[in-house]
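Below: protein_33.txt (compact mmCIF, C-alpha atoms)
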```
# COMPACT_ATOMS: atom_id res chain seq x y z
CA MET A 358 -19.04 147.78 -47.07
CA PRO A 359 -18.66 144.33 -48.66
CA LYS A 360 -17.66 144.14 -52.26
CA ILE A 361 -20.29 143.23 -54.82
CA GLN A 362 -18.28 140.16 -55.86
CA ASP A 363 -18.46 138.81 -52.31
CA ILE A 364 -22.22 139.22 -52.11
CA LEU A 365 -22.63 137.31 -55.34
CA LYS A 366 -20.54 134.40 -54.13
CA LEU A 367 -22.12 131.13 -53.08
CA ALA A 368 -21.94 130.24 -49.41
CA ASN A 369 -21.16 126.51 -49.87
CA ASP A 370 -22.42 125.97 -46.32
CA GLY A 371 -22.75 122.23 -46.74
CA LEU A 372 -19.03 121.69 -47.15
CA PRO A 373 -16.68 121.47 -44.17
CA GLU A 374 -14.52 124.55 -43.64
CA HIS A 375 -11.25 123.04 -44.91
CA GLU A 376 -12.86 121.76 -48.12
CA ARG A 377 -14.43 125.00 -49.27
CA GLU A 378 -11.30 126.26 -50.97
CA TYR A 379 -11.31 123.25 -53.29
CA PHE A 380 -14.64 124.23 -54.85
CA CYS A 381 -15.70 127.15 -56.97
CA ASP A 382 -17.91 129.63 -55.16
CA ALA A 383 -18.79 131.83 -58.13
CA ARG A 384 -22.40 132.18 -59.13
CA PRO A 385 -23.35 130.89 -62.56
CA ALA A 386 -24.12 133.60 -65.08
CA PRO A 387 -27.04 133.45 -67.50
CA TYR A 388 -26.36 132.88 -71.18
CA ARG A 389 -26.75 136.00 -73.31
CA PRO A 390 -28.06 135.30 -76.80
CA LEU A 391 -25.96 136.44 -79.74
CA ALA A 392 -27.11 138.70 -82.54
CA LYS A 393 -30.47 137.67 -83.96
CA TYR A 394 -29.55 135.63 -87.03
CA VAL A 395 -26.39 134.22 -85.49
CA GLU A 396 -28.41 132.98 -82.52
CA LYS A 397 -30.98 131.52 -84.90
CA PHE A 398 -28.28 129.61 -86.72
CA MET A 399 -26.82 128.46 -83.40
CA ASN A 400 -30.22 127.22 -82.27
CA TRP A 401 -30.67 125.33 -85.53
CA ALA A 402 -27.31 123.67 -84.97
CA ARG A 403 -28.10 122.87 -81.33
CA ALA A 404 -31.45 121.34 -82.24
CA ASN A 405 -29.86 118.98 -84.71
CA SER A 406 -27.12 117.76 -82.43
CA LEU A 407 -28.69 116.53 -79.21
CA TRP A 408 -26.51 114.50 -76.89
CA LEU A 409 -28.31 112.49 -74.24
CA LEU A 410 -26.84 112.06 -70.82
CA GLY A 411 -26.62 108.30 -70.30
CA PHE A 412 -28.04 108.37 -66.79
CA GLY A 413 -31.04 106.12 -66.28
CA THR A 414 -32.75 107.61 -63.28
CA GLY A 415 -35.79 105.34 -63.00
CA CYS A 416 -37.67 102.52 -64.64
CA GLY A 417 -38.30 104.76 -67.68
CA ALA A 418 -34.68 104.39 -68.66
CA ILE A 419 -35.64 100.98 -70.05
CA GLU A 420 -37.45 102.80 -72.86
CA LEU A 421 -34.18 104.34 -73.99
CA ARG A 422 -32.74 100.97 -75.09
CA PRO A 423 -35.26 100.31 -77.85
CA LEU A 424 -34.91 103.96 -78.78
CA MET A 425 -31.18 103.53 -79.29
CA THR A 426 -31.29 100.25 -81.16
CA ALA A 427 -32.31 99.34 -84.68
CA ARG A 428 -36.08 99.34 -84.36
CA TYR A 429 -36.57 102.98 -83.36
CA ASP A 430 -33.05 104.21 -84.04
CA MET A 431 -32.82 107.70 -82.56
CA TYR A 432 -29.53 108.35 -84.37
CA ARG A 433 -31.43 109.18 -87.55
CA TYR A 434 -32.87 112.19 -85.68
CA GLY A 435 -29.44 113.42 -84.68
CA ILE A 436 -29.66 112.17 -81.10
CA ALA A 437 -26.86 110.19 -79.52
CA PRO A 438 -25.98 109.13 -75.96
CA ARG A 439 -22.96 110.43 -74.11
CA PRO A 440 -21.55 108.97 -70.90
CA THR A 441 -20.66 112.21 -69.11
CA PRO A 442 -22.72 115.27 -68.14
CA ARG A 443 -19.89 117.55 -69.23
CA GLN A 444 -20.45 116.63 -72.87
CA SER A 445 -24.20 116.17 -73.09
CA SER A 446 -27.02 118.61 -73.64
CA VAL A 447 -30.24 116.65 -72.96
CA PHE A 448 -31.07 115.12 -69.61
CA ILE A 449 -33.90 112.60 -69.56
CA ILE A 450 -35.45 112.09 -66.14
CA GLY A 451 -36.46 108.50 -66.76
CA GLY A 452 -39.29 107.99 -64.31
CA TYR A 453 -39.51 108.20 -60.54
CA ALA A 454 -36.78 110.05 -58.71
CA SER A 455 -36.07 109.18 -55.11
CA VAL A 456 -34.43 111.74 -52.87
CA LYS A 457 -31.12 109.94 -53.18
CA THR A 458 -31.36 110.01 -56.98
CA THR A 459 -32.54 113.62 -57.00
CA LYS A 460 -29.29 114.63 -55.34
CA ARG A 461 -27.37 112.96 -58.19
CA ILE A 462 -29.74 114.46 -60.76
CA ILE A 463 -29.00 117.95 -59.44
CA ARG A 464 -25.26 117.29 -59.48
CA SER A 465 -25.35 115.99 -63.03
CA TYR A 466 -27.66 118.73 -64.25
CA GLU A 467 -25.43 121.47 -62.88
CA GLN A 468 -22.34 119.89 -64.41
CA MET A 469 -23.88 119.97 -67.87
CA GLN A 470 -22.87 122.96 -69.95
CA ALA A 471 -25.50 125.38 -71.12
CA PRO A 472 -27.52 125.32 -73.31
CA LYS A 473 -29.02 122.25 -71.68
CA PHE A 474 -32.48 120.76 -71.91
CA VAL A 475 -34.49 118.46 -69.67
CA ILE A 476 -37.12 115.95 -70.73
CA ALA A 477 -39.31 114.54 -67.94
CA LEU A 478 -40.36 111.07 -69.01
CA GLY A 479 -43.34 109.26 -67.56
CA SER A 480 -45.91 110.36 -65.03
CA CYS A 481 -43.68 110.12 -61.95
CA PRO A 482 -41.61 113.27 -62.55
CA ILE A 483 -44.80 115.14 -63.47
CA ASN A 484 -46.97 114.48 -60.42
CA GLY A 485 -45.45 111.55 -58.57
CA GLY A 486 -47.33 108.92 -60.56
CA MET A 487 -48.00 105.78 -58.60
CA TYR A 488 -45.44 106.84 -56.00
CA TRP A 489 -47.23 110.11 -55.19
CA ASP A 490 -47.61 109.24 -51.49
CA SER A 491 -44.22 107.63 -51.02
CA TYR A 492 -41.93 108.84 -48.25
CA ASN A 493 -38.92 108.79 -50.52
CA THR A 494 -40.04 109.79 -54.02
CA ILE A 495 -40.42 113.38 -55.13
CA ASN A 496 -43.66 114.47 -56.77
CA ARG A 497 -42.63 117.20 -59.18
CA ILE A 498 -39.19 117.33 -60.72
CA ASP A 499 -39.87 120.88 -61.98
CA HIS A 500 -39.48 122.16 -58.43
CA TYR A 501 -35.87 121.01 -58.40
CA ILE A 502 -34.64 121.49 -61.96
CA PRO A 503 -36.35 123.27 -64.90
CA VAL A 504 -38.11 121.01 -67.41
CA ASP A 505 -38.59 121.75 -71.10
CA ILE A 506 -40.71 118.83 -72.27
CA TYR A 507 -42.99 116.46 -70.39
CA ILE A 508 -43.82 113.09 -71.93
CA ALA A 509 -46.73 111.60 -70.03
CA GLY A 510 -47.43 107.88 -69.75
CA CYS A 511 -46.49 104.93 -67.63
CA MET A 512 -44.36 104.13 -69.54
CA PRO A 513 -44.47 106.21 -72.72
CA ARG A 514 -43.53 104.20 -75.79
CA PRO A 515 -40.43 105.05 -77.82
CA GLU A 516 -42.70 106.68 -80.43
CA SER A 517 -43.85 109.25 -77.89
CA LEU A 518 -40.24 109.84 -76.90
CA ILE A 519 -39.39 110.57 -80.52
CA ALA A 520 -42.39 112.92 -80.71
CA GLY A 521 -41.12 114.60 -77.55
CA PHE A 522 -37.70 115.04 -79.10
CA GLU A 523 -39.29 116.63 -82.17
CA LYS A 524 -41.16 119.05 -79.89
CA LEU A 525 -37.93 119.82 -78.07
CA LYS A 526 -36.17 120.53 -81.35
CA GLN A 527 -38.92 122.96 -82.32
CA LEU A 528 -38.62 124.68 -78.95
CA ILE A 529 -34.87 125.02 -79.35
CA LYS A 530 -35.24 126.38 -82.89
CA ASP A 531 -37.76 128.94 -81.63
CA GLY A 532 -35.34 129.92 -78.89
CA LYS A 533 -37.83 128.99 -76.15
CA ALA A 534 -35.89 126.21 -74.44
CA ASP A 535 -34.09 128.40 -71.94
CA GLY A 536 -34.31 126.19 -68.86
CA ALA A 537 -30.65 126.77 -68.02
CA ASN A 538 -31.25 130.53 -67.75
CA GLN A 539 -34.42 130.03 -65.72
CA TYR A 540 -32.46 127.87 -63.32
CA ILE A 541 -29.78 130.48 -62.84
CA GLU A 542 -32.23 133.36 -62.52
CA ASN A 543 -34.31 131.51 -59.90
CA LEU A 544 -31.38 129.79 -58.25
CA GLU A 545 -32.48 130.70 -54.69
CA TRP A 546 -35.92 129.18 -55.19
CA TYR A 547 -34.52 125.97 -56.68
CA LYS A 548 -31.86 125.70 -53.99
CA ALA A 549 -34.41 126.18 -51.21
CA ASN A 550 -36.57 123.40 -52.66
CA GLN A 551 -33.59 121.12 -53.12
CA LYS A 552 -32.28 121.69 -49.62
CA LYS A 553 -35.71 121.07 -48.18
CA ILE A 554 -35.54 117.42 -49.21
CA ILE A 555 -31.78 116.79 -49.34
CA LYS A 556 -30.96 117.07 -45.69
CA ASP A 557 -27.34 115.92 -45.88
CA TRP A 558 -26.24 118.60 -48.31
CA ASN A 559 -22.51 117.85 -48.53
CA MET A 560 -21.72 119.31 -51.93
CA PRO A 561 -21.09 122.84 -53.17
CA ASP A 562 -24.11 125.06 -53.77
CA TYR A 563 -23.48 124.91 -57.51
CA ASN A 564 -21.63 121.93 -58.95
CA TRP A 565 -19.46 123.55 -61.59
CA MET B 912 -38.49 67.92 -42.85
CA ASN B 913 -40.43 66.37 -39.98
CA ASN B 914 -37.31 64.61 -38.78
CA LEU B 915 -35.46 67.88 -38.82
CA ILE B 916 -38.15 69.62 -36.77
CA GLN B 917 -38.08 66.71 -34.31
CA ARG B 918 -34.32 66.97 -33.94
CA LEU B 919 -34.49 70.71 -33.45
CA GLN B 920 -37.26 70.45 -30.89
CA ASN B 921 -35.09 68.15 -28.81
CA ARG B 922 -32.40 70.81 -28.60
CA PHE B 923 -34.15 74.19 -28.85
CA PRO B 924 -37.40 75.65 -27.53
CA ILE B 925 -39.15 76.18 -30.85
CA SER B 926 -42.88 76.69 -31.12
CA ALA B 927 -45.68 77.31 -33.61
CA VAL B 928 -44.26 75.03 -36.28
CA HIS B 929 -46.10 75.59 -39.53
CA GLN B 930 -45.35 73.34 -42.49
CA GLN B 931 -46.40 75.37 -45.49
CA ARG B 932 -45.13 73.05 -48.22
CA PRO B 933 -43.27 69.75 -48.07
CA ASP B 934 -40.06 71.73 -48.55
CA LEU B 935 -40.93 74.88 -46.57
CA ALA B 936 -41.61 75.27 -42.88
CA PHE B 937 -41.73 78.12 -40.42
CA CYS B 938 -41.24 78.08 -36.68
CA CYS B 939 -41.03 80.61 -33.88
CA VAL B 940 -37.98 80.74 -31.67
CA ASP B 941 -37.09 82.62 -28.55
CA THR B 942 -35.02 85.80 -29.09
CA LYS B 943 -32.14 84.60 -26.92
CA GLN B 944 -31.95 81.19 -28.63
CA ALA B 945 -32.23 82.46 -32.20
CA VAL B 946 -28.57 82.94 -33.06
CA ALA B 947 -27.64 79.62 -31.43
CA LEU B 948 -30.31 77.88 -33.50
CA ILE B 949 -29.19 79.59 -36.72
CA THR B 950 -25.59 78.61 -36.03
CA HIS B 951 -26.67 75.03 -35.39
CA LEU B 952 -28.69 74.94 -38.60
CA ARG B 953 -25.82 76.32 -40.61
CA ASP B 954 -23.06 74.18 -39.14
CA TYR B 955 -24.80 70.84 -38.52
CA GLU B 956 -27.94 70.77 -40.69
CA LYS B 957 -26.40 72.20 -43.89
CA PHE B 958 -28.63 75.26 -44.08
CA SER B 959 -25.79 77.12 -45.71
CA HIS B 960 -27.70 79.89 -47.46
CA LEU B 961 -29.34 82.91 -45.84
CA VAL B 962 -32.14 83.70 -48.30
CA PHE B 963 -33.38 86.83 -46.57
CA LEU B 964 -33.85 88.62 -43.30
CA THR B 965 -36.94 90.78 -43.04
CA ALA B 966 -39.12 92.39 -40.42
CA VAL B 967 -42.85 92.95 -40.01
CA ASP B 968 -44.28 95.58 -37.69
CA TYR B 969 -47.13 94.18 -35.57
CA ILE B 970 -48.00 97.51 -34.04
CA GLU B 971 -51.25 96.29 -32.42
CA GLN B 972 -49.46 93.58 -30.46
CA GLY B 973 -46.43 95.79 -29.88
CA PHE B 974 -43.66 93.70 -31.43
CA PHE B 975 -41.54 93.35 -34.54
CA GLN B 976 -41.29 89.92 -36.10
CA LEU B 977 -37.99 89.13 -37.76
CA THR B 978 -37.95 86.30 -40.30
CA TYR B 979 -34.72 84.51 -41.15
CA LEU B 980 -35.20 82.24 -44.15
CA LEU B 981 -32.51 79.60 -44.53
CA HIS B 982 -32.00 77.24 -47.47
CA ASN B 983 -30.51 73.78 -47.52
CA TYR B 984 -28.82 73.03 -50.84
CA THR B 985 -28.47 69.27 -50.23
CA ARG B 986 -32.15 68.62 -49.58
CA HIS B 987 -33.50 71.75 -51.28
CA CYS B 988 -35.72 72.78 -48.45
CA ASP B 989 -36.26 76.08 -46.66
CA LEU B 990 -36.73 76.81 -43.00
CA GLY B 991 -38.00 80.14 -41.77
CA LEU B 992 -37.28 81.26 -38.24
CA ARG B 993 -39.52 83.86 -36.68
CA VAL B 994 -38.25 85.97 -33.83
CA ARG B 995 -40.30 88.49 -31.88
CA LEU B 996 -38.71 91.69 -30.65
CA ASP B 997 -40.18 94.21 -28.28
CA ARG B 998 -41.22 97.26 -30.26
CA GLU B 999 -39.95 99.73 -27.68
CA GLN B 1000 -36.45 98.24 -27.35
CA ALA B 1001 -35.93 96.64 -30.73
CA THR B 1002 -32.46 95.14 -30.42
CA MET B 1003 -31.31 91.85 -31.88
CA GLU B 1004 -28.05 89.97 -31.93
CA SER B 1005 -26.17 90.35 -35.19
CA ILE B 1006 -25.48 87.34 -37.45
CA HIS B 1007 -22.91 89.04 -39.68
CA HIS B 1008 -20.27 86.64 -38.37
CA LEU B 1009 -22.22 83.75 -39.95
CA TRP B 1010 -22.98 85.42 -43.28
CA GLU B 1011 -21.22 88.63 -44.24
CA GLN B 1012 -24.13 89.76 -46.36
CA ALA B 1013 -26.38 89.78 -43.30
CA ALA B 1014 -24.74 93.09 -42.39
CA THR B 1015 -26.51 94.73 -45.35
CA TYR B 1016 -29.89 93.37 -44.30
CA GLN B 1017 -29.27 94.55 -40.78
CA ARG B 1018 -28.22 97.99 -41.94
CA GLU B 1019 -31.43 98.25 -43.92
CA LEU B 1020 -33.54 97.07 -40.98
CA LYS B 1021 -31.88 99.65 -38.75
CA GLU B 1022 -32.80 102.37 -41.20
CA MET B 1023 -36.28 101.24 -42.20
CA PHE B 1024 -37.57 99.86 -38.88
CA GLY B 1025 -35.16 101.18 -36.29
CA ILE B 1026 -34.15 97.68 -35.19
CA ASP B 1027 -30.65 97.85 -33.78
CA PHE B 1028 -28.00 95.19 -34.36
CA PRO B 1029 -25.07 96.17 -32.13
CA GLY B 1030 -21.68 95.24 -33.58
CA SER B 1031 -22.87 94.82 -37.16
CA PRO B 1032 -20.53 96.57 -39.60
CA ARG B 1033 -21.63 100.09 -40.69
CA VAL B 1034 -25.05 99.55 -39.13
CA ASP B 1035 -25.38 103.18 -38.12
CA GLU B 1036 -24.57 104.63 -41.54
CA SER B 1037 -27.43 105.67 -43.77
CA PHE B 1038 -28.22 103.16 -46.49
CA ILE B 1039 -30.91 104.51 -48.81
CA LEU B 1040 -32.37 107.42 -46.86
CA GLU B 1041 -29.54 109.92 -46.73
CA GLY B 1042 -30.02 112.38 -43.90
CA TRP B 1043 -33.37 110.99 -42.72
CA ASP B 1044 -34.57 112.86 -39.63
CA ASN B 1045 -38.01 111.36 -38.99
CA ILE B 1046 -39.12 108.08 -37.40
CA PRO B 1047 -38.10 105.05 -39.51
CA PRO B 1048 -40.48 105.00 -42.48
CA MET B 1049 -41.43 101.32 -42.42
CA ARG B 1050 -42.81 101.59 -38.91
CA ARG B 1051 -46.54 101.57 -39.24
CA ASP B 1052 -47.07 104.64 -37.09
CA PHE B 1053 -45.25 106.67 -39.77
CA ASP B 1054 -47.82 108.41 -42.01
CA THR B 1055 -46.19 108.27 -45.43
CA LYS B 1056 -48.99 110.15 -47.23
CA LYS B 1057 -48.89 113.04 -44.78
CA TYR B 1058 -45.09 113.19 -44.96
CA SER B 1059 -45.17 113.19 -48.76
CA GLU B 1060 -47.76 115.94 -48.92
CA GLU B 1061 -45.78 118.11 -46.52
CA THR B 1062 -42.43 117.54 -48.19
CA TYR B 1063 -42.70 116.93 -51.92
CA PHE B 1064 -44.91 119.70 -53.44
CA PRO B 1065 -47.89 117.64 -54.61
CA ARG B 1066 -49.27 118.79 -57.94
CA PRO B 1067 -52.84 120.02 -57.45
CA GLY B 1068 -55.65 118.37 -59.37
CA ARG B 1069 -55.05 114.72 -58.54
CA GLN B 1070 -58.32 112.79 -58.45
CA THR B 1071 -58.96 109.33 -57.13
CA ASN B 1072 -61.94 107.14 -57.87
CA ASP B 1073 -63.25 104.19 -55.99
CA PRO B 1074 -62.40 101.45 -58.51
CA GLU B 1075 -65.55 99.42 -57.93
CA ASN B 1076 -68.04 102.28 -58.35
CA TYR B 1077 -66.06 103.88 -61.13
CA MET B 1078 -65.96 100.75 -63.27
CA LYS B 1079 -69.60 99.99 -62.51
CA ALA B 1080 -70.66 103.45 -63.70
CA LYS B 1081 -68.46 103.12 -66.77
CA LEU B 1082 -69.49 99.62 -67.83
CA TYR B 1083 -73.16 99.68 -66.79
CA PRO B 1084 -74.33 103.27 -67.10
CA GLU B 1085 -78.01 102.24 -67.02
CA GLY B 1086 -77.69 100.91 -63.51
CA ASP B 1087 -77.59 97.38 -62.16
CA ALA B 1088 -78.38 94.95 -64.94
```

Would you mind writing the structure in this file as structure tokens?
Amino acid sequence: MPKIQDILKLANDGLPEHEREYFCDARPAPYRPLAKYVEKFMNWARANSLWLLGFGTGCGAIELRPLMTARYDMYRYGIAPRPTPRQSSVFIIGGYASVKTTKRIIRSYEQMQAPKFVIALGSCPINGGMYWDSYNTINRIDHYIPVDIYIAGCMPRPESLIAGFEKLKQLIKDGKADGANQYIENLEWYKANQKKIIKDWNMPDYNW
Amino acid sequence: MNNLIQRLQNRFPISAVHQQRPDLAFCCVDTKQAVALITHLRDYEKFSHLVFLTAVDYIEQGFFQLTYLLHNYTRHCDLGLRVRLDREQATMESIHHLWEQAATYQRELKEMFGIDFPGSPRVDESFILEGWDNIPPMRRDFDTKKYSEETYFPRPGRQTNDPENYMKAKLYPEGDA
């Protein structure tokens, strides 16, 4: 009779045998909300302190530069970039994602600490956009990581990005932006989709 | 440019010379002579810059056409060399010993077209397509739309319009005016 802790462990099949001990094989646990008003206060604080992951994943990343600089100035909305996934809470999928990029997106997304939010920017992450029949570009990013806000357009202007951020803030304040929990609860489904396209899976099953 | 072509024709069996601009010409060369000709151009005719190395898949005729574009910085002219490879056994001599960066082009051609360049550094490693297990995607018998629909979860509801009819109906709803 195997122990329950062993069943809940990740297989890490992609790694070679001698490397498996270097990586964590525990399953991620969902976040449990605190008492009602405490959680409300926490959500208010989270909504007003959004840290972007500075990872430009497609041509849409070019829209983040005017957003950061003086003309549109996202800092006045409490949004700032951060160079590492460990310290950021918002991941912007900036346009098309090739399979090679998707692998890095998954790695970065899993390394972010919950609560974490994803904004899909442009039409490519929504339905493939102009690359919908490409051999190397995914069609829907929401089959690989959960998405909170979609901003349609090719490319959306910085104004629509700011509007998207305002929507995201409202979602967080209402406690509805729980993509991180969805990801953990449906981990098998997401992993199956990810491994369907990433055929050289040489990383742990969850990148802690 | 004409003098150059004359000089080359005396030494190498080049054919189908096409002068596209005063400073740009293309010619076809035999597969076995290609590297010798490129070496000659680089070392004696001052074509010191490899601009690009690309391939085109002529599936109907059953060959790949490689194009080496070389640039001469002294006279500011370009010469393109076209080489035909059999589609079934697409193997070409490597030129990474002439220009190191050619190895990257050759690695990409190996991955995208399946053209082999034996001896080229890291030519067998994957370049952009990590873990690709289908036929090389730039070959024209690869159906990219079918592959995408089978692999990448297309979102239902995509509509396409014929641009000509769509714009006609939009701009002239009364009919032909």

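Our summary of the geometry notes that CA of Leu372 (chain A) is positioned 27.4 Å from CA of Asn496 (chain A).
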
**Message:** Contacts from chain A to chain B, 9 Å maximum, all atoms listed in the file: show me the residue list as a PyMOL selection string.
**Reply:** chain A and resi 456-457+483-485+489-497+500+550+553-558

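Interatomic distance, CA of Pro472 (chain A) against CA of Pro387 (chain A): 10.0 Å.
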
**Item:** Non-local contacts of Tyr453 (chain A) (7 Å; all atoms listed in the file; under 5 positions in same chain excluded) as a PyMOL selection string
**Value:** chain A and resi 415+481-482+494

**Asked** Near region 963-965 of chain B, counting only C-alpha atoms, which residues have an atom at most 6 Å away, once you skip same-chain residues fewer than 2 positions from it, shown as a list in words?
**Response** Leu961, Leu977, Thr978, Tyr979 and Leu980 of chain B

**Prompt:** To one decimal place, how far is CA of Leu525 (chain A) from CA of Leu410 (chain A) in Å?
**Reply:**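 Atom-to-atom, CA of Leu525 (chain A) and CA of Leu410 (chain A) are spaced 15.4 Å apart.
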
So which residues fall inside 12 Å of (-40.5, 119.4, -68.1) if we count all atoms listed in the file? Mind giving them as a CSV table (one decimal) with C-alpha atoms, in the frame of the given file?
```csv
chain,number,residue,atom,x,y,z
A,447,VAL,CA,-30.2,116.6,-73.0
A,448,PHE,CA,-31.1,115.1,-69.6
A,449,ILE,CA,-33.9,112.6,-69.6
A,450,ILE,CA,-35.4,112.1,-66.1
A,451,GLY,CA,-36.5,108.5,-66.8
A,474,PHE,CA,-32.5,120.8,-71.9
A,475,VAL,CA,-34.5,118.5,-69.7
A,476,ILE,CA,-37.1,116.0,-70.7
A,477,ALA,CA,-39.3,114.5,-67.9
A,478,LEU,CA,-40.4,111.1,-69.0
A,479,GLY,CA,-43.3,109.3,-67.6
A,480,SER,CA,-45.9,110.4,-65.0
A,481,CYS,CA,-43.7,110.1,-62.0
A,482,PRO,CA,-41.6,113.3,-62.6
A,483,ILE,CA,-44.8,115.1,-63.5
A,484,ASN,CA,-47.0,114.5,-60.4
A,497,ARG,CA,-42.6,117.2,-59.2
A,498,ILE,CA,-39.2,117.3,-60.7
A,499,ASP,CA,-39.9,120.9,-62.0
A,500,HIS,CA,-39.5,122.2,-58.4
A,501,TYR,CA,-35.9,121.0,-58.4
A,502,ILE,CA,-34.6,121.5,-62.0
A,503,PRO,CA,-36.4,123.3,-64.9
A,504,VAL,CA,-38.1,121.0,-67.4
A,505,ASP,CA,-38.6,121.8,-71.1
A,506,ILE,CA,-40.7,118.8,-72.3
A,507,TYR,CA,-43.0,116.5,-70.4
A,508,ILE,CA,-43.8,113.1,-71.9
A,509,ALA,CA,-46.7,111.6,-70.0
A,521,GLY,CA,-41.1,114.6,-77.6
A,524,LYS,CA,-41.2,119.0,-79.9
A,525,LEU,CA,-37.9,119.8,-78.1
A,534,ALA,CA,-35.9,126.2,-74.4
A,535,ASP,CA,-34.1,128.4,-71.9
A,536,GLY,CA,-34.3,126.2,-68.9
```

**Message:** Taking 6 positions as the minimum chain separation for residues in the same chain, which residues sit within 10 Å of Glu956 (chain B) when counting only C-alpha atoms? Answer as number ranges by chain.
**Reply:** B: 915, 919, 949-950, 983, 985

**Item:** Nearby residues (only C-alpha atoms) at most 9 Å from Met425 (chain A), same-chain spacing under 6 positions excluded, as number ranges by chain
**Value:** A: 431-432, 436-438

**Prompt:** Could you name the residues that touch Pro515 (chain A) at 9 Å or less, counting all atoms listed in the file, but leaving out those on the same chain fewer than 6 positions away, as an MDAnalysis selection string?
**Reply:** chainID A and resid 420:421 423:424 429

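Using only C-alpha atoms, the nearest neighbour of Ile1046 (chain B) within the list B:Glu1061, B:Asp997, B:Asp1027, B:Glu1022 is B:Glu1022.
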
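Restricting the calculation to all atoms listed in the file, the smallest distance between Leu996 (chain B) and any of B:Cys938, B:Leu952, B:Ala1013, B:Ala945 is found for B:Ala945.
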